[in-house]
file target_20.txt (compact mmCIF, C-alpha atoms)
# COMPACT_ATOMS: atom_id res chain seq x y z
CA PHE A 1 20.65 3.64 -12.64
CA ARG A 2 18.23 6.56 -12.93
CA PHE A 3 15.22 4.36 -12.33
CA ARG A 4 16.28 3.43 -8.78
CA TRP A 5 13.82 5.71 -6.93
CA GLN A 6 10.88 4.49 -8.97
CA LEU A 7 12.08 0.93 -8.48
CA MET A 8 12.24 1.46 -4.73
CA ALA A 9 8.66 2.74 -4.65
CA ILE A 10 7.44 -0.25 -6.66
CA THR A 11 9.34 -2.69 -4.44
CA ILE A 12 7.90 -1.14 -1.27
CA GLY A 13 4.36 -1.59 -2.56
CA ARG A 14 5.11 -5.17 -3.51
CA LEU A 15 6.63 -5.78 -0.07
CA PHE A 16 3.31 -5.04 1.65
CA LEU A 17 1.43 -7.28 -0.78
CA ASN A 18 3.89 -10.12 -0.24
CA THR A 19 3.76 -9.70 3.53
CA GLY A 20 -0.01 -10.10 3.41
CA LEU A 21 0.45 -13.14 1.20
CA ARG A 22 3.11 -14.86 3.32
CA MET A 23 1.97 -13.99 6.85
CA VAL A 24 -0.85 -16.53 6.82
CA TYR A 25 1.57 -19.47 6.67
CA PRO A 26 3.49 -18.93 9.96
CA PHE A 27 0.55 -17.28 11.76
CA ALA A 28 -2.31 -19.50 10.64
CA PRO A 29 -2.72 -20.90 14.19
CA ALA A 30 -2.99 -17.37 15.63
CA PHE A 31 -5.62 -16.44 13.03
CA ALA A 32 -7.55 -19.65 13.72
CA ARG A 33 -7.57 -19.00 17.49
CA GLY A 34 -8.59 -15.38 17.01
CA MET A 35 -11.54 -16.30 14.80
CA ASP A 36 -12.36 -19.43 16.85
CA VAL A 37 -12.29 -21.72 13.80
CA PRO A 38 -10.37 -24.94 13.10
CA LEU A 39 -6.88 -24.56 11.71
CA THR A 40 -7.94 -26.56 8.66
CA ALA A 41 -10.45 -23.81 7.81
CA VAL A 42 -7.65 -21.24 7.54
CA TYR A 43 -5.61 -23.53 5.31
CA SER A 44 -8.67 -24.14 3.13
CA VAL A 45 -8.96 -20.37 2.63
CA ILE A 46 -5.26 -20.25 1.70
CA ALA A 47 -5.83 -22.98 -0.90
CA LEU A 48 -8.81 -21.15 -2.37
CA ARG A 49 -6.84 -17.90 -2.44
CA ASN A 50 -4.12 -19.51 -4.53
CA ILE A 51 -6.69 -20.38 -7.19
CA ALA A 52 -6.61 -16.69 -8.11
CA GLY A 53 -3.42 -17.38 -10.06
CA PHE A 54 -5.41 -19.30 -12.65
CA PHE A 55 -7.42 -16.17 -13.43
CA SER A 56 -4.36 -14.03 -14.13
CA PRO A 57 -4.71 -14.24 -17.96
CA LEU A 58 -8.26 -12.88 -17.70
CA PHE A 59 -6.91 -9.64 -16.22
CA SER A 60 -4.03 -9.28 -18.67
CA PRO A 61 -5.83 -6.65 -20.83
CA LEU A 62 -6.12 -4.25 -17.87
CA PRO A 63 -2.53 -2.90 -17.95
CA GLU A 64 -2.79 -2.42 -21.71
CA LYS A 65 -6.07 -0.54 -21.42
CA PHE A 66 -5.54 1.56 -18.29
CA GLY A 67 -1.76 1.62 -17.95
CA ARG A 68 0.67 -0.31 -15.76
CA LYS A 69 0.87 2.34 -13.04
CA VAL A 70 -2.91 2.59 -12.67
CA VAL A 71 -3.26 -1.18 -12.31
CA MET A 72 -0.47 -1.33 -9.72
CA MET A 73 -2.15 1.41 -7.69
CA GLY A 74 -5.56 -0.20 -8.10
CA SER A 75 -4.20 -3.55 -6.92
CA LEU A 76 -2.85 -1.99 -3.74
CA ILE A 77 -6.15 -0.19 -3.12
CA LEU A 78 -8.01 -3.50 -3.59
CA PHE A 79 -5.69 -5.15 -1.08
CA ALA A 80 -6.16 -2.29 1.39
CA GLY A 81 -9.93 -2.66 1.02
CA GLY A 82 -9.70 -6.31 2.00
CA CYS A 83 -7.60 -5.40 5.03
CA VAL A 84 -10.09 -2.73 6.11
CA LEU A 85 -12.89 -5.29 5.85
CA VAL A 86 -11.16 -7.56 8.38
CA VAL A 87 -10.51 -4.62 10.74
CA ILE A 88 -14.16 -3.52 10.64
CA LEU A 89 -15.62 -7.04 10.67
CA PRO A 90 -13.13 -9.45 12.28
CA THR A 91 -14.88 -12.68 11.30
CA PHE A 92 -13.88 -15.77 9.37
CA TRP A 93 -15.89 -14.84 6.29
CA ALA A 94 -14.38 -11.37 6.17
CA PHE A 95 -10.96 -12.98 6.49
CA ALA A 96 -11.75 -15.38 3.64
CA LEU A 97 -12.94 -12.52 1.42
CA ALA A 98 -9.83 -10.50 2.28
CA MET A 99 -7.62 -13.42 1.27
CA GLY A 100 -9.48 -13.65 -2.03
CA LEU A 101 -8.95 -9.93 -2.66
CA LEU A 102 -5.29 -10.34 -1.80
CA GLY A 103 -4.95 -13.12 -4.34
CA LEU A 104 -6.55 -10.98 -7.05
CA SER A 105 -4.37 -8.02 -6.06
CA LYS A 106 -1.24 -10.10 -6.34
CA VAL A 107 -2.00 -11.55 -9.79
CA ASN A 108 -2.76 -8.04 -11.07
CA PHE A 109 0.12 -6.19 -9.44
CA ASP A 110 3.03 -8.45 -10.39
CA PRO A 111 2.44 -8.67 -14.18
CA SER A 112 1.77 -4.92 -14.33
CA MET A 113 4.93 -4.24 -12.33
CA GLN A 114 7.05 -6.46 -14.57
CA ALA A 115 5.56 -4.91 -17.70
CA TYR A 116 6.24 -1.42 -16.34
CA VAL A 117 9.87 -2.27 -15.61
CA GLY A 118 10.15 -3.76 -19.09
CA ASP A 119 8.86 -0.53 -20.62
CA ALA A 120 10.90 1.87 -18.48
CA VAL A 121 14.28 0.16 -18.15
CA PRO A 122 16.72 -0.40 -21.03
CA TYR A 123 17.07 -4.03 -22.06
CA ALA A 124 20.66 -4.30 -20.79
CA GLU A 125 19.56 -3.34 -17.25
CA ARG A 126 16.19 -5.06 -17.18
CA GLY A 127 17.36 -8.23 -15.43
CA LYS A 128 19.02 -6.22 -12.67
CA ALA A 129 15.92 -4.09 -12.18
CA LEU A 130 13.61 -7.09 -11.92
CA SER A 131 15.97 -8.82 -9.50
CA VAL A 132 15.73 -5.80 -7.17
CA THR A 133 11.95 -6.19 -7.00
CA GLU A 134 12.45 -9.75 -5.75
CA TYR A 135 13.76 -8.32 -2.48
CA ALA A 136 10.09 -7.74 -1.69
CA TRP A 137 9.54 -11.52 -1.58
CA SER A 138 12.37 -12.33 0.85
CA LEU A 139 11.93 -9.20 3.01
CA ALA A 140 8.26 -10.10 3.46
CA LEU A 141 9.42 -13.04 5.57
CA LEU A 142 12.60 -11.57 7.03
CA ILE A 143 11.07 -8.25 8.13
CA GLY A 144 7.33 -8.44 7.46
CA ALA A 145 6.66 -11.67 9.37
CA PRO A 146 8.37 -10.57 12.62
CA ALA A 147 6.49 -7.25 12.41
CA VAL A 148 3.22 -9.16 11.97
CA GLY A 149 4.07 -11.28 15.02
CA LEU A 150 4.71 -8.19 17.13
CA ALA A 151 1.43 -6.62 15.98
CA ILE A 152 -0.54 -9.77 16.85
CA GLN A 153 1.12 -9.96 20.26
CA ALA A 154 0.41 -6.31 21.04
CA TRP A 155 -3.07 -5.73 19.55
CA GLY A 156 -4.60 -9.05 18.51
CA TRP A 157 -4.90 -11.23 15.42
CA SER A 158 -6.53 -8.59 13.18
CA ALA A 159 -3.93 -5.89 13.89
CA PRO A 160 -1.66 -6.79 10.92
CA PHE A 161 -4.54 -6.09 8.56
CA PHE A 162 -4.87 -2.56 9.92
CA TRP A 163 -1.19 -1.79 9.46
CA LEU A 164 -0.88 -3.49 6.07
CA GLY A 165 -3.97 -1.66 4.82
CA LEU A 166 -2.62 1.69 6.00
CA LEU A 167 0.86 1.06 4.58
CA SER A 168 -0.61 -0.10 1.27
CA LEU A 169 -2.54 3.14 0.92
CA LEU A 170 0.61 5.12 1.72
CA SER A 171 2.47 3.16 -0.94
CA VAL A 172 -0.27 4.12 -3.42
CA LEU A 173 0.55 7.76 -2.72
CA LEU A 174 4.23 6.96 -3.13
CA LEU A 175 3.64 5.36 -6.52
CA TRP A 176 1.46 8.28 -7.58
CA ARG A 177 4.13 10.84 -6.69
CA ILE A 178 7.33 9.06 -7.75
CA VAL A 179 6.45 6.67 -10.58
CA PRO A 180 5.64 8.42 -13.88
CA ARG A 181 2.86 7.12 -16.08
CA LEU A 182 4.37 5.87 -19.31
CA GLY A 183 2.77 6.33 -22.68
CA LYS A 184 1.29 3.36 -24.48
CA ARG A 185 3.78 1.35 -26.48
CA ARG A 186 3.03 0.71 -30.12
CA THR A 187 3.55 -3.03 -30.03
CA GLN A 188 1.50 -5.94 -31.21
CA SER A 189 -0.64 -7.54 -28.50
CA LEU A 190 0.33 -11.03 -27.41
CA SER A 191 -2.51 -13.52 -27.47
CA LEU A 192 -2.66 -16.76 -25.52
CA ARG A 193 -2.11 -18.63 -28.78
CA ASN A 194 1.08 -16.66 -29.47
CA ALA A 195 2.28 -17.32 -25.93
CA ALA A 196 1.64 -21.06 -26.34
CA GLN A 197 3.67 -21.06 -29.56
CA VAL A 198 6.58 -19.35 -27.82
CA VAL A 199 6.50 -21.87 -24.99
CA ALA A 200 6.35 -24.80 -27.41
CA LYS A 201 9.37 -23.61 -29.44
CA ASN A 202 11.74 -22.78 -26.57
CA ARG A 203 13.47 -25.71 -24.88
CA VAL A 204 14.69 -23.50 -22.05
CA ILE A 205 11.09 -22.98 -20.92
CA TRP A 206 10.47 -26.72 -20.96
CA ALA A 207 13.66 -27.27 -18.94
CA ALA A 208 12.39 -24.77 -16.37
CA PHE A 209 9.09 -26.65 -16.14
call {"tool": "encode", "arguments": {"input": "target_20.txt", "output": "structure tokens"}}
result
Amino acid sequence: FRFRWQLMAITIGRLFLNTGLRMVYPFAPAFARGMDVPLTAVYSVIALRNIAGFFSPLFSPLPEKFGRKVVMMGSLILFAGGCVLVVILPTFWAFALAMGLLGLSKVNFDPSMQAYVGDAVPYAERGKALSVTEYAWSLALLIGAPAVGLAIQAWGWSAPFFWLGLLSLLSVLLLWRIVPRLGKRRTQSLSLRNAAQVVAKNRVIWAAF
């Protein structure tokens, strides 16, 4: 469909975010050796990073206030900032802070991306469009992880942060040039209470749980 170029730009940005998210699992030992910390310390940081998902509802007003595109770009810039921090200061605490920023970037980018696709793509094609963005999750391990391994082997444990930060900033430019900023939709805001009522009434959601 006509939205394919915009969808490609969004998926590329999400690919870099997901690579940063998934690379710590297979390469945790390499990160631990590089920072001279126990492996358990790296996994503790991963656990703390995942707590960011619980704060996702707190950031839900941002796409409504500033626009989906702006929040997607801001999330990638936040992620790039965390990567730059590790490159400049390759220490455990910088790594931990970068992982926290990555977690916040992820929980802001994905809802904004899904909302943008929902606004831009006709209902009949929405499922297909969202399924394309899921390539970013699988390609992060199929392509991103081997690339991370090569970077670590060639330049050291912090090298992936340099490349992911640079590529994330380039993807911001790509989003800025290719993805149009949509006007605000005149729809009623969904509160947490409304969402809870929807979940309670739909058996399909309970089956998924």
call {"tool": "closest_atom_pairs", "arguments": {"input": "target_20.txt", "of": "region 97-204 of chain A", "to": "region 46-68 of chain A", "cutoff": "8 Å", "atoms": "only C-alpha atoms", "output": "CSV"}}
result
residue,atom,partner,partner_atom,distance
A:Met99,CA,A:Arg49,CA,5.9
A:Gly100,CA,A:Arg49,CA,5.0
A:Leu102,CA,A:Arg49,CA,7.7
A:Gly103,CA,A:Ala52,CA,5.5
A:Leu104,CA,A:Ala52,CA,5.8
A:Val107,CA,A:Ser56,CA,5.5
A:Asn108,CA,A:Phe59,CA,6.8
A:Pro111,CA,A:Ser60,CA,7.9
A:Ser112,CA,A:Arg68,CA,5.0
A:Met113,CA,A:Arg68,CA,6.7
A:Ala115,CA,A:Arg68,CA,7.0
A:Tyr116,CA,A:Arg68,CA,5.7
A:Arg181,CA,A:Gly67,CA,7.4
A:Leu182,CA,A:Gly67,CA,7.6
A:Lys184,CA,A:Gly67,CA,7.4
call {"tool": "closest_residue", "arguments": {"input": "target_20.txt", "among": "A:Pro180, A:Gly127, A:Gly156, A:Pro122", "to": "Ala30 (chain A)", "atoms": "only C-alpha atoms"}}
result
A:Gly156
call {"tool": "residues_around", "arguments": {"input": "target_20.txt", "residues": "Ser171 (chain A)", "least_positions_apart": "3", "cutoff": "7 Å", "atoms": "only C-alpha atoms", "output": "ChimeraX atom specification"}}
result
/A:12-13,167-168,174-175
call {"tool": "write_last_selection", "arguments": {"input": "target_20.txt", "atoms": "C-alpha atoms", "output": "mmCIF file, keeping the file's coordinate frame"}}
result
data_model
loop_
_atom_site.group_PDB
_atom_site.id
_atom_site.type_symbol
_atom_site.label_atom_id
_atom_site.label_comp_id
_atom_site.auth_asym_id
_atom_site.auth_seq_id
_atom_site.Cartn_x
_atom_site.Cartn_y
_atom_site.Cartn_z
ATOM 1 C CA ILE A 12 7.900 -1.140 -1.270
ATOM 2 C CA GLY A 13 4.360 -1.590 -2.560
ATOM 3 C CA LEU A 167 0.860 1.060 4.580
ATOM 4 C CA SER A 168 -0.610 -0.100 1.270
ATOM 5 C CA LEU A 174 4.230 6.960 -3.130
ATOM 6 C CA LEU A 175 3.640 5.360 -6.520
#
call {"tool": "residues_around", "arguments": {"input": "target_20.txt", "residues": "Ser138 (chain A)", "least_positions_apart": "5", "cutoff": "9 Å", "atoms": "all atoms listed in the file", "output": "PyMOL selection string"}}
result
chain A and resi 15+18+143
call {"tool": "closest_residue", "arguments": {"input": "target_20.txt", "among": "A:Ser158, A:Asn202, A:Gln114, A:Ser75", "to": "Ala28 (chain A)", "atoms": "all atoms listed in the file"}}
result
A:Ser158
call {"tool": "residues_near_point", "arguments": {"input": "target_20.txt", "point": "(2.8, -9.7, 12.2)", "cutoff": "10 Å", "atoms": "all atoms listed in the file", "output": "list in words"}}
result
Thr19, Gly20, Met23, Val24, Pro26, Phe27, Leu141, Ile143, Gly144, Ala145, Pro146, Ala147, Val148, Gly149, Leu150, Ala151, Ile152, Gln153, Ala154, Gly156, Trp157, Ser158, Ala159, Pro160, Phe161, Trp163 and Leu164 of chain A
call {"tool": "closest_residue", "arguments": {"input": "target_20.txt", "among": "A:Val117, A:Val172, A:Ala140, A:Met73", "to": "Leu17 (chain A)", "atoms": "all atoms listed in the file"}}
result
A:Ala140
call {"tool": "atom_distance", "arguments": {"input": "target_20.txt", "atom1": "CA of Tyr123 (chain A)", "atom2": "CA of Phe3 (chain A)"}}
result
13.0 Å
call {"tool": "atom_distance", "arguments": {"input": "target_20.txt", "atom1": "CA of Phe109 (chain A)", "atom2": "CA of Ala136 (chain A)"}}
result
12.7 Å
call {"tool": "closest_residue", "arguments": {"input": "target_20.txt", "among": "A:Ser105, A:Ser131, A:Ser44, A:Gln6", "to": "Ile77 (chain A)", "atoms": "all atoms listed in the file"}}
result
A:Ser105
call {"tool": "atom_distance", "arguments": {"input": "target_20.txt", "atom1": "CA of Val70 (chain A)", "atom2": "CA of Gly82 (chain A)"}}
result
18.5 Å
call {"tool": "closest_residue", "arguments": {"input": "target_20.txt", "among": "A:Val37, A:Ala32, A:Val87, A:Leu130", "to": "Ile10 (chain A)", "atoms": "only C-alpha atoms"}}
result
A:Leu130
call {"tool": "closest_residue", "arguments": {"input": "target_20.txt", "among": "A:Val199, A:Leu78, A:Val132, A:Met35", "to": "Trp93 (chain A)", "atoms": "all atoms listed in the file"}}
result
A:Met35
call {"tool": "decode", "arguments": {"input": "target_20.txt", "residues": "region 70-118 of chain A", "atoms": "N, CA and C atoms", "output": "CSV table (one decimal), in the first residue's frame"}}
result
chain,number,residue,atom,x,y,z
A,70,VAL,N,6.7,13.0,16.8
A,70,VAL,CA,7.6,13.7,17.7
A,70,VAL,C,8.1,12.7,18.8
A,71,VAL,N,7.1,11.9,19.3
A,71,VAL,CA,7.5,11.0,20.4
A,71,VAL,C,8.4,9.9,19.9
A,72,MET,N,8.1,9.4,18.7
A,72,MET,CA,9.0,8.4,18.1
A,72,MET,C,10.4,8.9,17.9
A,73,MET,N,10.5,10.1,17.4
A,73,MET,CA,11.8,10.7,17.2
A,73,MET,C,12.5,11.0,18.5
A,74,GLY,N,11.8,11.5,19.5
A,74,GLY,CA,12.3,11.8,20.8
A,74,GLY,C,12.8,10.5,21.5
A,75,SER,N,12.1,9.4,21.3
A,75,SER,CA,12.5,8.1,21.9
A,75,SER,C,13.8,7.7,21.3
A,76,LEU,N,14.0,7.8,20.0
A,76,LEU,CA,15.3,7.4,19.4
A,76,LEU,C,16.4,8.3,19.8
A,77,ILE,N,16.1,9.6,20.0
A,77,ILE,CA,17.2,10.5,20.4
A,77,ILE,C,17.6,10.2,21.9
A,78,LEU,N,16.6,9.8,22.7
A,78,LEU,CA,16.9,9.4,24.1
A,78,LEU,C,17.7,8.2,24.1
A,79,PHE,N,17.4,7.2,23.3
A,79,PHE,CA,18.2,6.0,23.2
A,79,PHE,C,19.6,6.3,22.7
A,80,ALA,N,19.8,7.2,21.7
A,80,ALA,CA,21.1,7.5,21.2
A,80,ALA,C,21.9,8.2,22.3
A,81,GLY,N,21.2,9.0,23.1
A,81,GLY,CA,21.9,9.7,24.2
A,81,GLY,C,22.5,8.7,25.2
A,82,GLY,N,21.7,7.6,25.5
A,82,GLY,CA,22.3,6.6,26.4
A,82,GLY,C,23.4,5.9,25.8
A,83,CYS,N,23.4,5.6,24.5
A,83,CYS,CA,24.5,5.0,23.8
A,83,CYS,C,25.8,5.9,23.8
A,84,VAL,N,25.6,7.1,23.6
A,84,VAL,CA,26.7,8.1,23.6
A,84,VAL,C,27.4,8.1,25.0
A,85,LEU,N,26.5,8.0,26.0
A,85,LEU,CA,27.0,8.0,27.4
A,85,LEU,C,28.0,6.9,27.6
A,86,VAL,N,27.6,5.7,27.1
A,86,VAL,CA,28.5,4.5,27.3
A,86,VAL,C,29.8,4.7,26.5
A,87,VAL,N,29.7,5.3,25.3
A,87,VAL,CA,30.9,5.5,24.5
A,87,VAL,C,31.9,6.4,25.2
A,88,ILE,N,31.3,7.5,25.7
A,88,ILE,CA,32.2,8.5,26.4
A,88,ILE,C,32.7,8.0,27.7
A,89,LEU,N,31.8,7.3,28.5
A,89,LEU,CA,32.2,6.9,29.8
A,89,LEU,C,31.9,5.4,29.9
A,90,PRO,N,32.8,4.5,29.5
A,90,PRO,CA,32.5,3.1,29.4
A,90,PRO,C,32.7,2.4,30.8
A,91,THR,N,31.7,2.7,31.7
A,91,THR,CA,31.7,2.1,33.0
A,91,THR,C,30.4,1.4,33.3
A,92,PHE,N,30.4,0.7,34.4
A,92,PHE,CA,29.2,-0.1,34.7
A,92,PHE,C,28.0,0.8,34.9
A,93,TRP,N,28.2,1.9,35.6
A,93,TRP,CA,27.1,2.8,36.0
A,93,TRP,C,26.5,3.5,34.7
A,94,ALA,N,27.4,3.9,33.8
A,94,ALA,CA,27.0,4.4,32.5
A,94,ALA,C,26.2,3.4,31.7
A,95,PHE,N,26.6,2.2,31.8
A,95,PHE,CA,25.9,1.1,31.1
A,95,PHE,C,24.5,0.9,31.7
A,96,ALA,N,24.4,0.9,33.1
A,96,ALA,CA,23.2,0.8,33.8
A,96,ALA,C,22.2,1.9,33.4
A,97,LEU,N,22.7,3.1,33.4
A,97,LEU,CA,21.9,4.3,33.0
A,97,LEU,C,21.4,4.2,31.6
A,98,ALA,N,22.3,3.7,30.7
A,98,ALA,CA,22.0,3.6,29.3
A,98,ALA,C,20.9,2.5,29.1
A,99,MET,N,20.9,1.4,29.9
A,99,MET,CA,19.9,0.4,29.8
A,99,MET,C,18.5,1.0,30.3
A,100,GLY,N,18.6,1.8,31.3
A,100,GLY,CA,17.4,2.5,31.8
A,100,GLY,C,16.8,3.4,30.7
A,101,LEU,N,17.6,4.2,30.1
A,101,LEU,CA,17.1,5.0,29.0
A,101,LEU,C,16.6,4.2,27.8
A,102,LEU,N,17.2,3.1,27.6
A,102,LEU,CA,16.7,2.2,26.5
A,102,LEU,C,15.3,1.7,26.9
A,103,GLY,N,15.1,1.3,28.1
A,103,GLY,CA,13.8,0.8,28.5
A,103,GLY,C,12.7,1.9,28.4
A,104,LEU,N,13.0,3.1,28.8
A,104,LEU,CA,12.1,4.2,28.6
A,104,LEU,C,11.8,4.6,27.2
A,105,SER,N,12.9,4.5,26.3
A,105,SER,CA,12.7,4.7,24.9
A,105,SER,C,11.8,3.7,24.3
A,106,LYS,N,11.9,2.5,24.7
A,106,LYS,CA,11.1,1.4,24.1
A,106,LYS,C,9.7,1.6,24.5
A,107,VAL,N,9.4,1.9,25.7
A,107,VAL,CA,8.0,2.0,26.2
A,107,VAL,C,7.3,3.2,25.6
A,108,ASN,N,8.1,4.2,25.2
A,108,ASN,CA,7.5,5.4,24.5
A,108,ASN,C,7.4,5.2,23.0
A,109,PHE,N,8.4,4.5,22.4
A,109,PHE,CA,8.4,4.4,20.9
A,109,PHE,C,7.2,3.5,20.5
A,110,ASP,N,7.1,2.3,21.1
A,110,ASP,CA,6.2,1.3,20.5
A,110,ASP,C,4.7,1.8,20.6
A,111,PRO,N,4.2,2.3,21.7
A,111,PRO,CA,2.8,2.7,21.7
A,111,PRO,C,2.6,3.9,20.7
A,112,SER,N,3.6,4.8,20.6
A,112,SER,CA,3.4,5.9,19.6
A,112,SER,C,3.4,5.4,18.2
A,113,MET,N,4.3,4.4,17.9
A,113,MET,CA,4.3,3.8,16.6
A,113,MET,C,3.0,3.1,16.2
A,114,GLN,N,2.5,2.4,17.2
A,114,GLN,CA,1.2,1.7,16.9
A,114,GLN,C,0.1,2.6,16.8
A,115,ALA,N,0.1,3.7,17.5
A,115,ALA,CA,-1.0,4.7,17.4
A,115,ALA,C,-0.9,5.4,16.1
A,116,TYR,N,0.4,5.7,15.6
A,116,TYR,CA,0.6,6.4,14.4
A,116,TYR,C,0.1,5.5,13.2
A,117,VAL,N,0.4,4.2,13.2
A,117,VAL,CA,-0.1,3.3,12.2
A,117,VAL,C,-1.6,3.2,12.2
A,118,GLY,N,-2.2,3.2,13.4
A,118,GLY,CA,-3.6,3.2,13.5
A,118,GLY,C,-4.3,4.4,12.9
